[in-house]
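One structure is given here, and the rest of the page talks about it.
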Amino acid sequence: MRGTGWRLRALACIGAVAAGLVVPATAGAQPGPGTVVAVESLPGELSVPGAATAERLTFRTQWRSGASTTASGVLYLPPGQAPDGGWPVVSWAHGTVGVGDDCAPSRNPRSDRDRAYLGHWLSRGYAVVASDYPGLGGDGLHTYLDGPSAANSVVDVVRAARAAEPSLSNRWIVIGQSQGGHAALHTALLATSRAPELDFRGMIATGAPSNLETLFPFGGPGFPDLGLDGTTVFLSYVLAGLRVARPDVDVNSYLTPVGRDVVDDAERLCYAELSDRVDGIGVGEILARPLGDDRMRAALADYMGVPTRGYDRPLFLGQGLRDQVVPAPLSFKLVADLWSGGTNVDYRTYPNGHSETMFDALPATTPFAATLFGG
């Protein structure tokens with residue numbers, strides 16, 4: 001770490017184990033959201049192209065209920081000296097990795113896709129912070145597609161990063177892909193009110209899941225293969241999270257014996273492993289009864305629905321027309337509902353699939369981000 005941030009941390013580290021560079025929170029401090037618990041340097045294989053500094057943060061955040069928890073995340077700084085006012089901040093909301101601790105992005109090398117994408121934003125002079133989301137490497141089980149819980153940590157990692165590194169500006173945006181797009185939408189809804197001391201400017205999301213609460217209730221025994229990618233995996237992660245978040249729903253009562261085994265395994269298997277585990281197992285084989293009864297329908301809507309009103313900053317939404325993970329018609333309804341609610345949304349479609357959209361959109365999202373930051 002360079003400059004003032006390094007000197008402050010060096011003083012705080014006296015008596016600590018230097019190799020770990022672990023920094024405890026100040027004794028007696030109230031552990032509010034964004035309070036730093038520890039900071040440690042990341043090895044090179046966990047960094048991304050163009051990062052002059054790479055650190056893992058442990059910080060305080062909250063579940064959607066308001067209950068306090070710890071979460072982990074990362075801070076990447078671009079090279080050189082910070083501009084006047086500090087490095088503007090991109091808070092990255094990651095896509096699906098799994099729900100178990102071993103799947104936390106800060107503990108694993110990032111995919112080539114994400115390395116290239118995050119490197120792009122660093123090359124533009126933005127600091128990048130990224131929460132693992134509650135439960136991924138922290139207390140409890142990560143509740144997959146629980147937007148408010150993920151959003152709390154996406155905001156609070158900005159607070160933690162600024163506490164650890166004074167060269168960061170208070171100006172920030174959120175960018176997310178896939179599951180991260182869902183988290184980014186929730187973040188954009190609450191960012192201003194959750195952290196009024198920060199200057200939230202807006203959101204970019206690509207491949208964001210939405211309206212799944214209207215699709216999943218059609219699931220039941222014998223549900224046909226729709227030709228989409230990863231449907232059994234995603235449903236298994238949703239049901240694993242819902243089982244923890246809403247024990248009153250009795251998720252296991254909706255599952256066959258095969259389904260219970262799969263959802264149990266979903267709690268520990270990361271995405272690639274769970275994909276192999278469920279190869280050849282369809283949604284209809286894991287469900288013992290339909291998900292369309294009133295109780296489950298209401299629980300799904302509350303758990304993973306995307307709000308369509310109340311946004312106070314500009315949004316960018318990118319959607320691939322050949323997306324086989326998040327079908328385009330789901331986003332058509334989302335953007336129509338957002339527009340009807342008066343939200344400022346720049347909506348673009350692209351001719352490719354799910355992962356390609358984040359790169360297809362860069363010619364539009366790069367100037368969009370610059371405009372948000374006033375540059």
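Lettering and numbering for the structure tokens are positional, with chains as A, B, ... in the shown order, residues counted from 1 in each chain, and ligands counted from 1 in the shown order.
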
Query raised in the report: as an NGL selection string, which residues of stretch 21-172 of chain A does DSSP assign to alpha helix (DSSP H)?
Result: :A and (112-123 or 147-164)

Requested in this report: Considering only C-alpha atoms, return as a ChimeraX atom specification whatever protein or nucleic-acid residues lie within 12 Å of A:Tyr303, sequence-local ones (same chain, fewer than 4 positions apart) excluded.
Outcome: /A:64-65,143-150,182,186,210-213,238-239,241-246,249,296-299,307

Query - Computed interatomic separation between atom CA of A:Ala130 and atom CA of A:Ala104 (Å) - result: 10.9 Å

Report task. Could you give me, as a PyMOL selection string, the residues within 12 Å of A:Arg268, counting only C-alpha atoms and dropping anything in the same chain fewer than 2 positions from it? Result -> chain A and resi 97-104+135-137+141-142+236-237+240-241+261-266+270-274+277

Query - Given only C-alpha atoms as the counted atoms, nearest of A:Val306, A:Leu226, A:Val128, A:Val157 to A:Leu198 - result: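 Of A:Val306, A:Leu226, A:Val128, A:Val157, the one nearest A:Leu198 is A:Val157, counting only C-alpha atoms.
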
Query raised in the report: Interatomic distance between atom CA of A:Gly374 and atom CA of A:Leu168?
Result: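 Atom CA of A:Gly374 sits 16.2 Å away from atom CA of A:Leu168.
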
Query - Shell around A:Gly34 at 10 Å using only C-alpha atoms, local window under 2 positions removed, as a ChimeraX atom specification - result: /A:31-32,36-37,58-62,70-71,152-163,195

Requested in this report: In Å, rounded to a single decimal, give me how far atom CA of A:Asp199 is from atom CA of A:Thr96.
Outcome: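 Atom-to-atom, atom CA of A:Thr96 to atom CA of A:Asp199, that is 27.7 Å.
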
Query raised in the report: Which of these, A:Leu46, A:Ala51, A:Ala183, A:Thr349, has the shortest distance to A:His120 once you count only C-alpha atoms?
Result: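 Result for the nearest residue to A:His120: A:Ala51.
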
Query - Best match for closeness to A:Trp87 among A:Arg313, A:Arg124, A:Arg322, A:Arg107, counting only C-alpha atoms - result: A:Arg124

**Report entry** Pick from A:Pro327, A:Gly222, A:Gly207, A:Gly282, whichever lies nearest to A:Thr357 using only C-alpha atoms
**Finding:** A:Gly207

Query raised in the report: Which one of A:Gln319, A:Ser106, A:Ser41, A:Thr214 sits closest to A:Val335 if you count only C-alpha atoms?
Result: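 The shortest atom-to-atom distance to A:Val335 comes from A:Gln319.
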
**Report entry** Contacts of stretch 75-84 of chain A at 6 Å (only C-alpha atoms; same-chain gap of 2+ positions) as a ChimeraX atom specification
**Finding:** /A:51-55,86-87,122,127-129

Tell me, which residues of stretch 273-325 of chain A carry DSSP strand (DSSP E), written as a short mmCIF file (atom, residue, chain, number, x, y, z; two decimals) with N, CA and C atoms, in the first residue's frame?
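Now in result_28.cif:
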data_model
loop_
_atom_site.label_atom_id
_atom_site.label_comp_id
_atom_site.auth_asym_id
_atom_site.auth_seq_id
_atom_site.Cartn_x
_atom_site.Cartn_y
_atom_site.Cartn_z
N LEU A 315 -29.82 4.21 -14.06
CA LEU A 315 -29.51 2.80 -14.21
C LEU A 315 -29.17 2.49 -15.66
N PHE A 316 -28.27 1.54 -15.85
CA PHE A 316 -27.99 0.96 -17.17
C PHE A 316 -28.26 -0.53 -17.08
N LEU A 317 -29.06 -1.06 -18.01
CA LEU A 317 -29.35 -2.49 -18.07
C LEU A 317 -28.97 -3.01 -19.45
N GLY A 318 -28.14 -4.06 -19.48
CA GLY A 318 -27.78 -4.71 -20.73
C GLY A 318 -28.28 -6.13 -20.75
N GLN A 319 -28.84 -6.57 -21.87
CA GLN A 319 -29.43 -7.90 -21.98
C GLN A 319 -29.04 -8.55 -23.30
N GLY A 320 -28.57 -9.80 -23.22
CA GLY A 320 -28.26 -10.56 -24.42
C GLY A 320 -29.52 -11.21 -24.98
#

Query raised in the report: With distances taken over only C-alpha atoms, which of A:Asp229, A:Asp312, A:Asp323, A:Asp114 is nearest to A:Tyr350?
Result: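 Selected residue with least distance to A:Tyr350: A:Asp323.
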